[in-house]
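Q: Handing over start.txt, compact mmCIF, C-alpha atoms.
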```txt
# COMPACT_ATOMS: atom_id res chain seq x y z
CA ASP A 1 117.94 88.32 -15.06
CA ALA A 2 119.49 91.29 -13.32
CA LYS A 3 123.27 91.38 -13.60
CA THR A 4 123.84 93.23 -10.35
CA THR A 5 124.08 91.83 -6.84
CA GLN A 6 123.01 93.66 -3.72
CA PRO A 7 122.59 92.70 -0.07
CA THR A 8 119.07 91.59 0.72
CA SER A 9 118.61 94.02 3.58
CA MET A 10 120.32 96.71 5.62
CA ASP A 11 119.54 98.85 8.64
CA CYS A 12 120.57 102.44 9.17
CA ALA A 13 120.07 104.75 12.14
CA GLU A 14 118.07 107.88 11.44
CA GLY A 15 120.33 110.84 10.74
CA ARG A 16 123.29 108.68 9.81
CA ALA A 17 124.61 108.07 6.30
CA ALA A 18 123.22 105.01 4.54
CA ASN A 19 125.76 103.30 2.27
CA LEU A 20 124.20 100.80 -0.11
CA PRO A 21 126.65 98.64 -2.08
CA CYS A 22 126.16 97.05 -5.48
CA ASN A 23 128.32 94.69 -7.50
CA HIS A 24 128.16 94.83 -11.29
CA SER A 25 131.29 92.95 -12.24
CA THR A 26 130.15 92.19 -15.81
CA ILE A 27 129.23 95.74 -16.72
CA SER A 28 130.41 96.78 -20.16
CA GLY A 29 131.98 100.07 -21.13
CA ASN A 30 128.88 101.85 -22.38
CA GLU A 31 126.46 100.74 -19.70
CA TYR A 32 125.34 103.12 -16.99
CA VAL A 33 124.48 102.24 -13.41
CA TYR A 34 121.06 103.50 -12.38
CA TRP A 35 119.61 103.58 -8.89
CA TYR A 36 115.90 103.54 -8.15
CA ARG A 37 113.96 103.01 -4.97
CA GLN A 38 110.48 101.73 -4.27
CA ILE A 39 108.64 102.86 -1.21
CA HIS A 40 105.89 100.46 -0.24
CA SER A 41 103.01 100.38 -2.73
CA GLN A 42 104.47 103.15 -4.89
CA GLY A 43 106.14 103.16 -8.29
CA PRO A 44 109.93 103.02 -8.61
CA GLN A 45 111.49 106.42 -8.02
CA TYR A 46 114.60 107.49 -9.90
CA ILE A 47 117.50 108.49 -7.64
CA ILE A 48 120.72 108.87 -9.61
CA HIS A 49 122.84 107.34 -12.36
CA GLY A 50 126.46 107.33 -13.45
CA LEU A 51 128.97 105.90 -15.88
CA LYS A 52 132.40 106.16 -14.29
CA ASN A 53 132.64 109.43 -12.44
CA ASN A 54 131.15 109.98 -9.02
CA GLU A 55 127.83 111.78 -9.11
CA THR A 56 125.84 113.82 -6.60
CA ASN A 57 122.37 115.29 -6.68
CA GLU A 58 119.88 116.54 -4.14
CA MET A 59 118.90 113.01 -3.15
CA ALA A 60 122.13 111.05 -3.00
CA SER A 61 125.72 110.48 -4.05
CA LEU A 62 126.95 107.67 -6.25
CA ILE A 63 130.50 106.41 -5.88
CA ILE A 64 131.72 104.14 -8.69
CA THR A 65 134.97 102.22 -8.34
CA GLU A 66 137.69 102.87 -10.88
CA ASP A 67 137.27 99.43 -12.44
CA ARG A 68 133.49 100.03 -12.57
CA LYS A 69 132.76 96.65 -11.05
CA SER A 70 130.96 98.05 -8.07
CA SER A 71 129.30 101.16 -6.77
CA THR A 72 127.87 102.60 -3.57
CA LEU A 73 124.79 104.74 -3.19
CA ILE A 74 125.08 107.14 -0.28
CA LEU A 75 122.12 108.79 1.40
CA PRO A 76 123.96 111.35 3.54
CA HIS A 77 121.40 111.81 6.32
CA ALA A 78 118.85 109.01 6.27
CA THR A 79 115.33 109.76 7.44
CA LEU A 80 112.45 107.42 8.19
CA ARG A 81 111.00 108.31 4.77
CA ASP A 82 114.05 106.74 3.13
CA THR A 83 112.88 103.29 4.23
CA ALA A 84 112.40 101.50 0.89
CA VAL A 85 113.76 98.85 -1.45
CA TYR A 86 116.74 100.22 -3.38
CA TYR A 87 117.55 98.86 -6.83
CA CYS A 88 120.88 99.06 -8.59
CA ILE A 89 120.38 98.50 -12.33
CA GLU A 90 122.66 98.25 -15.33
CA ARG A 91 120.85 100.12 -18.06
CA ARG A 92 121.25 98.14 -21.27
CA ARG A 93 120.38 98.95 -24.82
CA ASN A 94 118.39 96.27 -26.57
CA SER A 95 117.91 95.57 -30.21
CA GLY A 96 114.86 97.71 -30.70
CA ALA A 97 115.31 101.41 -31.24
CA GLY A 98 114.37 103.39 -28.18
CA SER A 99 114.06 100.45 -25.83
CA TYR A 100 116.52 100.68 -22.91
CA GLN A 101 114.36 98.56 -20.71
CA LEU A 102 115.24 98.40 -17.03
CA THR A 103 115.87 94.97 -15.52
CA PHE A 104 115.07 95.04 -11.83
CA GLY A 105 116.54 92.60 -9.34
CA LYS A 106 115.36 92.05 -5.80
CA GLY A 107 117.18 95.12 -4.48
CA THR A 108 118.18 95.99 -0.93
CA LYS A 109 115.50 96.58 1.64
CA LEU A 110 116.77 99.54 3.67
CA SER A 111 115.17 100.07 7.05
CA VAL A 112 115.87 103.41 8.72
CA ILE A 113 115.55 103.03 12.44
CA PRO A 114 114.63 105.87 14.82
CA GLU B 1 107.44 118.73 -10.78
CA PRO B 2 105.81 116.91 -13.71
CA GLU B 3 104.82 113.34 -13.02
CA VAL B 4 103.42 110.25 -14.69
CA THR B 5 99.81 109.66 -13.68
CA GLN B 6 97.95 106.38 -13.86
CA THR B 7 94.26 105.58 -13.58
CA PRO B 8 92.54 103.85 -11.98
CA SER B 9 94.59 103.23 -8.87
CA HIS B 10 92.77 99.93 -8.34
CA GLN B 11 90.85 97.88 -10.90
CA VAL B 12 88.86 94.78 -10.02
CA THR B 13 87.80 92.64 -12.98
CA GLN B 14 86.23 89.25 -13.56
CA MET B 15 88.41 86.66 -15.23
CA GLY B 16 87.94 86.65 -18.97
CA GLN B 17 86.98 90.31 -19.14
CA GLU B 18 88.90 92.98 -21.00
CA VAL B 19 90.64 95.69 -19.03
CA ILE B 20 92.28 98.93 -20.07
CA LEU B 21 94.85 100.63 -17.88
CA ARG B 22 95.53 104.27 -18.56
CA CYS B 23 98.60 106.41 -18.21
CA VAL B 24 99.39 110.04 -18.87
CA PRO B 25 103.16 110.31 -19.39
CA ILE B 26 105.13 113.48 -18.71
CA SER B 27 104.18 115.88 -21.49
CA ASN B 28 107.44 116.27 -23.40
CA HIS B 29 108.47 112.61 -23.11
CA LEU B 30 108.67 110.48 -26.22
CA TYR B 31 109.38 106.95 -24.97
CA PHE B 32 106.83 104.99 -22.99
CA TYR B 33 106.94 101.75 -21.06
CA TRP B 34 104.79 99.32 -19.13
CA TYR B 35 106.10 97.16 -16.31
CA ARG B 36 104.32 94.89 -13.90
CA GLN B 37 105.01 93.61 -10.39
CA ILE B 38 103.26 90.55 -9.05
CA LEU B 39 102.85 90.76 -5.27
CA GLY B 40 106.13 90.02 -3.54
CA GLN B 41 108.07 89.65 -6.79
CA LYS B 42 110.37 91.74 -8.95
CA VAL B 43 109.35 94.56 -11.25
CA GLU B 44 109.22 93.07 -14.77
CA PHE B 45 109.43 94.82 -18.13
CA LEU B 46 106.48 94.32 -20.45
CA VAL B 47 106.82 96.63 -23.43
CA SER B 48 108.39 99.82 -24.73
CA PHE B 49 106.77 102.17 -27.23
CA TYR B 50 108.21 104.93 -29.39
CA ASN B 51 107.03 106.77 -32.46
CA ASN B 52 103.65 105.04 -32.34
CA GLU B 53 104.99 101.53 -32.41
CA ILE B 54 106.31 98.87 -30.08
CA SER B 55 110.10 98.94 -29.96
CA GLU B 56 110.63 96.02 -27.60
CA LYS B 57 108.46 93.54 -25.72
CA SER B 58 109.08 90.75 -23.24
CA GLU B 59 107.85 87.17 -23.29
CA ILE B 60 105.11 88.18 -20.89
CA PHE B 61 103.63 90.55 -23.48
CA ASP B 62 101.74 87.95 -25.51
CA ASP B 63 98.79 88.34 -27.87
CA GLN B 64 96.45 89.12 -24.99
CA PHE B 65 98.25 92.41 -24.43
CA SER B 66 98.24 95.51 -26.57
CA VAL B 67 99.31 99.12 -26.17
CA GLU B 68 98.09 102.28 -27.78
CA ARG B 69 98.64 106.00 -27.74
CA PRO B 70 95.16 107.06 -28.79
CA ASP B 71 95.84 110.78 -28.55
CA GLY B 72 98.66 113.14 -27.69
CA SER B 73 98.53 112.55 -23.98
CA ASN B 74 97.32 109.06 -23.08
CA PHE B 75 99.14 105.74 -23.24
CA THR B 76 97.08 102.63 -22.59
CA LEU B 77 97.65 98.96 -21.85
CA LYS B 78 94.84 96.59 -22.80
CA ILE B 79 94.52 93.03 -21.63
CA ARG B 80 92.01 91.32 -23.88
CA SER B 81 90.89 88.36 -21.78
CA THR B 82 92.22 88.56 -18.26
CA LYS B 83 93.53 85.55 -16.33
CA LEU B 84 94.00 85.10 -12.62
CA GLU B 85 97.75 85.36 -13.08
CA ASP B 86 97.39 88.86 -14.53
CA SER B 87 96.74 90.14 -11.02
CA ALA B 88 99.60 92.53 -10.31
CA MET B 89 100.64 96.16 -10.01
CA TYR B 90 101.10 97.69 -13.44
CA PHE B 91 103.47 100.63 -13.76
CA CYS B 92 103.74 103.05 -16.62
CA ALA B 93 107.00 104.91 -17.22
CA SER B 94 108.22 107.55 -19.63
CA THR B 95 111.42 109.28 -20.62
CA ILE B 96 112.50 112.06 -22.94
CA ASP B 97 115.25 110.16 -24.69
CA PRO B 98 117.05 107.20 -23.13
CA GLY B 99 119.74 107.49 -25.79
CA ILE B 100 121.10 110.51 -23.96
CA ASN B 101 120.76 108.74 -20.63
CA GLN B 102 117.65 110.42 -19.42
CA PRO B 103 116.03 108.27 -16.72
CA GLN B 104 112.62 106.69 -16.88
CA HIS B 105 110.04 108.18 -14.54
CA PHE B 106 107.34 105.93 -13.15
CA GLY B 107 103.75 106.42 -12.13
CA ASP B 108 102.38 105.01 -8.88
CA GLY B 109 100.72 102.14 -10.67
CA THR B 110 97.37 100.46 -11.08
CA ARG B 111 96.62 97.50 -8.86
CA LEU B 112 94.80 94.97 -11.03
CA SER B 113 92.84 92.28 -9.20
CA ILE B 114 91.33 89.47 -11.26
CA LEU B 115 88.54 87.50 -9.59
```
So that I can check it, write out the structure of this file as structure tokens.

A:
Amino acid sequence: DAKTTQPTSMDCAEGRAANLPCNHSTISGNEYVYWYRQIHSQGPQYIIHGLKNNETNEMASLIITEDRKSSTLILPHATLRDTAVYYCIERRRNSGAGSYQLTFGKGTKLSVIP
Amino acid sequence: EPEVTQTPSHQVTQMGQEVILRCVPISNHLYFYWYRQILGQKVEFLVSFYNNEISEKSEIFDDQFSVERPDGSNFTLKIRSTKLEDSAMYFCASTIDPGINQPQHFGDGTRLSIL
């Protein structure tokens, strides 16, 4: 089972920042936090990942608390095309070489409202 | 931007028949994965593949499933004798090297419908 917890759903007004929280209180020191999203009927799309420092790319920013027990994905100016399910995932290494499977939870359904 | 491509986008098959789902990973990627998502449920890991062998598989990936990289570009998932409960979206993913924290990139999936 996924080790992260996220709100089931959130709304955000178009043009405003969308802040999606995630709790990962059992994360260990060498595990990264990855964010993906899934727009209806499409494959999961990689957004961003981080270990302990805040990260920013062309899609989003990731703010990780100092104790690493939670993080927030920020979409700075949400558009209608950002409506999707957002997944926060602890990326674990398994016993097999080269595995690093992703364990998806139920995610947060973000609805961007005009 | 390079992407993972999957064919067909929709496959309809009679129960008990064999089905092969095809994926073309991003060209310089070395690690390959299959996931599935039953309608309305979570995305579930099936299998990972590296250096021409399975590196990890889930409980779902039983003897009815197999994977193969028949040439330098394709990565396939075969279901030998399909069941109704195999109906799902199947996603292929690839990455250069997860050991250096490169993310997995997913295709848009094959919708498998078993009748």

Q: What's the separation between atom CA of Trp35 of chain A and atom CA of Asn54 of chain A, in Å to one decimal place?

A: 13.2 Å

Q: Can you pull out the residues contacting Ser9 of chain B? Cut-off 7 Å, using only C-alpha atoms, and skip same-chain residues under 3 positions away; I want them as a list in words.

A: Gln6, Gly109, Thr110 and Arg111 of chain B

Q: Identify which of the residues A:Met10, A:Ile48, A:Asn23, A:Tyr100 lies closest to Ile100 of chain B, counting all atoms listed in the file when measuring atom-to-atom distances.

A: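 That would be A:Tyr100, the residue with the smallest distance to Ile100 of chain B.
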
Q: Interatomic distance between atom CA of Leu62 of chain A and atom CA of Gly107 of chain B?

A: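 Between atom CA of Leu62 of chain A and atom CA of Gly107 of chain B the gap works out to 24.0 Å.
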
Q: Rounded to one decimal place, report the atom CA of Tyr34 of chain A-atom CA of Asn74 of chain B distance in Å.

A: 26.6 Å

Q: Excluding same-chain residues fewer than 4 positions from segment 43-45 of chain B, what lies within 7 Å of it counting only C-alpha atoms, as a list of chain:residue names?

A: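 Once the nearby chain positions are removed, what remains is A:Gln101, A:Leu102, A:Thr103, A:Phe104, B:Trp34, B:Tyr35, B:Arg36, B:Gln37, B:Ser58.
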
Q: Find the residues of chain B that sit at most 12 Å from chain A; for each, write down the nearest two atoms and how far apart they are in Å, to one decimal. Count all atoms listed in the file. Sort by chain, then by number going up, and give it as CSV.

A:
```
residue,atom,partner,partner_atom,distance
B:Glu3,CA,A:Gln45,CA,10.8
B:Val4,CA,A:Gly43,CA,9.9
B:Thr5,CA,A:Gly43,CA,10.6
B:Gln6,CA,A:Gly43,CA,10.4
B:Ser9,CA,A:Gln42,CA,10.7
B:His10,CA,A:Ser41,CA,11.7
B:Leu30,CA,A:Gly98,CA,9.3
B:Tyr31,CA,A:Gly98,CA,6.9
B:Phe32,CA,A:Ser99,CA,9.0
B:Tyr33,CA,A:Gln101,CA,8.1
B:Trp34,CA,A:Gln101,CA,9.7
B:Tyr35,CA,A:Leu102,CA,9.3
B:Arg36,CA,A:Gly43,CA,10.2
B:Gln37,CA,A:Gly43,CA,9.8
B:Ile38,CA,A:Ser41,CA,11.7
B:Leu39,CA,A:Ser41,CA,10.0
B:Gly40,CA,A:Lys106,CA,9.7
B:Gln41,CA,A:Lys106,CA,7.7
B:Lys42,CA,A:Lys106,CA,5.9
B:Val43,CA,A:Phe104,CA,5.8
B:Glu44,CA,A:Phe104,CA,6.8
B:Phe45,CA,A:Gln101,CA,6.7
B:Leu46,CA,A:Gln101,CA,9.0
B:Val47,CA,A:Gln101,CA,8.2
B:Ser48,CA,A:Ser99,CA,5.8
B:Phe49,CA,A:Ser99,CA,7.6
B:Tyr50,CA,A:Gly98,CA,6.5
B:Asn51,CA,A:Gly98,CA,9.1
B:Asn52,CA,A:Gly98,CA,11.6
B:Glu53,CA,A:Ala97,CA,10.4
B:Ile54,CA,A:Gly96,CA,8.7
B:Ser55,CA,A:Gly96,CA,5.0
B:Glu56,CA,A:Gly96,CA,5.5
B:Lys57,CA,A:Ser99,CA,8.9
B:Ser58,CA,A:Gln101,CA,9.8
B:Ala88,CA,A:Ser41,CA,11.4
B:Met89,CA,A:Ser41,CA,8.7
B:Tyr90,CA,A:Gly43,CA,9.0
B:Phe91,CA,A:Gly43,CA,6.6
B:Cys92,CA,A:Gly43,CA,8.7
B:Ala93,CA,A:Gly43,CA,9.1
B:Ser94,CA,A:Gln101,CA,10.9
B:Thr95,CA,A:Gly98,CA,10.0
B:Ile96,CA,A:Gly98,CA,10.3
B:Asp97,CA,A:Gly98,CA,7.7
B:Pro98,CA,A:Tyr100,CA,6.5
B:Gly99,CA,A:Gly98,CA,7.2
B:Ile100,CA,A:Gly98,CA,10.7
B:Asn101,CA,A:Tyr32,CA,8.1
B:Gln102,CA,A:His49,CA,9.3
B:Pro103,CA,A:Tyr46,CA,7.0
B:Gln104,CA,A:Tyr46,CA,7.3
B:His105,CA,A:Tyr46,CA,6.5
B:Phe106,CA,A:Gly43,CA,5.7
B:Gly107,CA,A:Gly43,CA,5.6
B:Asp108,CA,A:Gly43,CA,4.2
B:Gly109,CA,A:Gly43,CA,6.0
B:Thr110,CA,A:Gly43,CA,9.6
B:Arg111,CA,A:Ser41,CA,9.3
```

Q: Quick one: residues within 9 Å of Thr4 of chain A, all atoms listed in the file, excluding same-chain residues fewer than 6 positions away - as a PyMOL selection string?

A: chain A and resi 22-27+70+88-90+105

Q: Can you pull out the residues contacting Phe65 of chain B? Cut-off 10 Å, using all atoms listed in the file, and skip same-chain residues under 2 positions away; I want them as a ChimeraX atom specification.

A: /B:18-20,46-47,60-63,67,77-82

Q: Here is a test: counting all atoms listed in the file, which residue of A:Leu20, A:Ile74, A:Ala84, A:Ile64 is nearest to Arg37 of chain A?

A: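 That would be A:Ala84, the residue with the smallest distance to Arg37 of chain A.
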
Q: Could you give me, as an mmCIF file with C-alpha atoms, in the coordinates of the input, the residues that have an atom at most 10 Å away from the point (112.5, 103.8, 1.3) in the coordinates of the file, using all atoms listed in the file?

A:
```
data_model
loop_
_atom_site.group_PDB
_atom_site.id
_atom_site.type_symbol
_atom_site.label_atom_id
_atom_site.label_comp_id
_atom_site.auth_asym_id
_atom_site.auth_seq_id
_atom_site.Cartn_x
_atom_site.Cartn_y
_atom_site.Cartn_z
ATOM 1 C CA ARG A 37 113.960 103.010 -4.970
ATOM 2 C CA GLN A 38 110.480 101.730 -4.270
ATOM 3 C CA ILE A 39 108.640 102.860 -1.210
ATOM 4 C CA HIS A 40 105.890 100.460 -0.240
ATOM 5 C CA GLN A 45 111.490 106.420 -8.020
ATOM 6 C CA ALA A 78 118.850 109.010 6.270
ATOM 7 C CA THR A 79 115.330 109.760 7.440
ATOM 8 C CA LEU A 80 112.450 107.420 8.190
ATOM 9 C CA ARG A 81 111.000 108.310 4.770
ATOM 10 C CA ASP A 82 114.050 106.740 3.130
ATOM 11 C CA THR A 83 112.880 103.290 4.230
ATOM 12 C CA ALA A 84 112.400 101.500 0.890
ATOM 13 C CA VAL A 85 113.760 98.850 -1.450
ATOM 14 C CA TYR A 86 116.740 100.220 -3.380
ATOM 15 C CA THR A 108 118.180 95.990 -0.930
ATOM 16 C CA LYS A 109 115.500 96.580 1.640
ATOM 17 C CA LEU A 110 116.770 99.540 3.670
ATOM 18 C CA SER A 111 115.170 100.070 7.050
ATOM 19 C CA VAL A 112 115.870 103.410 8.720
#
```

Q: Kindly compute an axis-aligned box around the listed atoms of segment 2-16 of chain B, allowing 4 Å on each side, and express its centre and edge lengths in Å to one decimal as JSON.

A:
```
{"center_x": 96.0, "center_y": 101.8, "center_z": -13.7, "size_x": 27.6, "size_y": 38.3, "size_z": 18.6}
```

Q: Mind listing as a PyMOL selection string all residues within 12 Å of (82.5, 88.3, -12.9), counting only C-alpha atoms?

A: chain B and resi 12-18+82-84+113-115

Q: Should you be able to, write segment 98-110 of chain B of this structure into a file that contains N, CA, C and O atoms, as a PDB file, in the first residue's frame.

A:
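File result.pdb, as written:
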```
ATOM      1  N   PRO B  98      16.946   4.477 -12.734  1.00  0.00           N
ATOM      2  CA  PRO B  98      16.294   4.936 -11.505  1.00  0.00           C
ATOM      3  C   PRO B  98      17.267   5.090 -10.347  1.00  0.00           C
ATOM      4  O   PRO B  98      16.989   5.795  -9.395  1.00  0.00           O
ATOM      5  N   GLY B  99      18.420   4.447 -10.446  1.00  0.00           N
ATOM      6  CA  GLY B  99      19.411   4.554  -9.384  1.00  0.00           C
ATOM      7  C   GLY B  99      19.971   5.951  -9.244  1.00  0.00           C
ATOM      8  O   GLY B  99      20.516   6.304  -8.208  1.00  0.00           O
ATOM      9  N   ILE B 100      19.871   6.755 -10.278  1.00  0.00           N
ATOM     10  CA  ILE B 100      20.291   8.147 -10.173  1.00  0.00           C
ATOM     11  C   ILE B 100      19.061   9.054 -10.203  1.00  0.00           C
ATOM     12  O   ILE B 100      19.125  10.204 -10.586  1.00  0.00           O
ATOM     13  N   ASN B 101      17.946   8.487  -9.760  1.00  0.00           N
ATOM     14  CA  ASN B 101      16.712   9.237  -9.554  1.00  0.00           C
ATOM     15  C   ASN B 101      16.149   9.866 -10.813  1.00  0.00           C
ATOM     16  O   ASN B 101      15.580  10.952 -10.776  1.00  0.00           O
ATOM     17  N   GLN B 102      16.305   9.162 -11.907  1.00  0.00           N
ATOM     18  CA  GLN B 102      15.612   9.577 -13.117  1.00  0.00           C
ATOM     19  C   GLN B 102      14.188   9.038 -13.069  1.00  0.00           C
ATOM     20  O   GLN B 102      13.968   7.880 -12.715  1.00  0.00           O
ATOM     21  N   PRO B 103      13.196   9.861 -13.401  1.00  0.00           N
ATOM     22  CA  PRO B 103      11.807   9.415 -13.270  1.00  0.00           C
ATOM     23  C   PRO B 103      11.397   8.428 -14.358  1.00  0.00           C
ATOM     24  O   PRO B 103      12.003   8.370 -15.416  1.00  0.00           O
ATOM     25  N   GLN B 104      10.371   7.673 -14.060  1.00  0.00           N
ATOM     26  CA  GLN B 104       9.754   6.830 -15.073  1.00  0.00           C
ATOM     27  C   GLN B 104       8.817   7.686 -15.927  1.00  0.00           C
ATOM     28  O   GLN B 104       8.109   8.546 -15.418  1.00  0.00           O
ATOM     29  N   HIS B 105       8.818   7.385 -17.223  1.00  0.00           N
ATOM     30  CA  HIS B 105       7.919   8.074 -18.145  1.00  0.00           C
ATOM     31  C   HIS B 105       6.943   7.045 -18.704  1.00  0.00           C
ATOM     32  O   HIS B 105       7.357   5.960 -19.116  1.00  0.00           O
ATOM     33  N   PHE B 106       5.679   7.406 -18.704  1.00  0.00           N
ATOM     34  CA  PHE B 106       4.616   6.473 -19.043  1.00  0.00           C
ATOM     35  C   PHE B 106       4.059   6.730 -20.439  1.00  0.00           C
ATOM     36  O   PHE B 106       4.001   7.879 -20.898  1.00  0.00           O
ATOM     37  N   GLY B 107       3.607   5.645 -21.072  1.00  0.00           N
ATOM     38  CA  GLY B 107       2.803   5.783 -22.270  1.00  0.00           C
ATOM     39  C   GLY B 107       1.348   6.052 -21.909  1.00  0.00           C
ATOM     40  O   GLY B 107       0.985   6.074 -20.720  1.00  0.00           O
ATOM     41  N   ASP B 108       0.530   6.234 -22.928  1.00  0.00           N
ATOM     42  CA  ASP B 108      -0.889   6.534 -22.694  1.00  0.00           C
ATOM     43  C   ASP B 108      -1.749   5.285 -22.564  1.00  0.00           C
ATOM     44  O   ASP B 108      -2.962   5.395 -22.416  1.00  0.00           O
ATOM     45  N   GLY B 109      -1.125   4.117 -22.620  1.00  0.00           N
ATOM     46  CA  GLY B 109      -1.822   2.914 -22.245  1.00  0.00           C
ATOM     47  C   GLY B 109      -2.555   2.201 -23.360  1.00  0.00           C
ATOM     48  O   GLY B 109      -2.821   2.760 -24.427  1.00  0.00           O
ATOM     49  N   THR B 110      -2.844   0.940 -23.079  1.00  0.00           N
ATOM     50  CA  THR B 110      -3.722   0.123 -23.924  1.00  0.00           C
ATOM     51  C   THR B 110      -4.921  -0.276 -23.075  1.00  0.00           C
ATOM     52  O   THR B 110      -4.745  -0.831 -21.981  1.00  0.00           O
TER      53      THR B 110
END
```
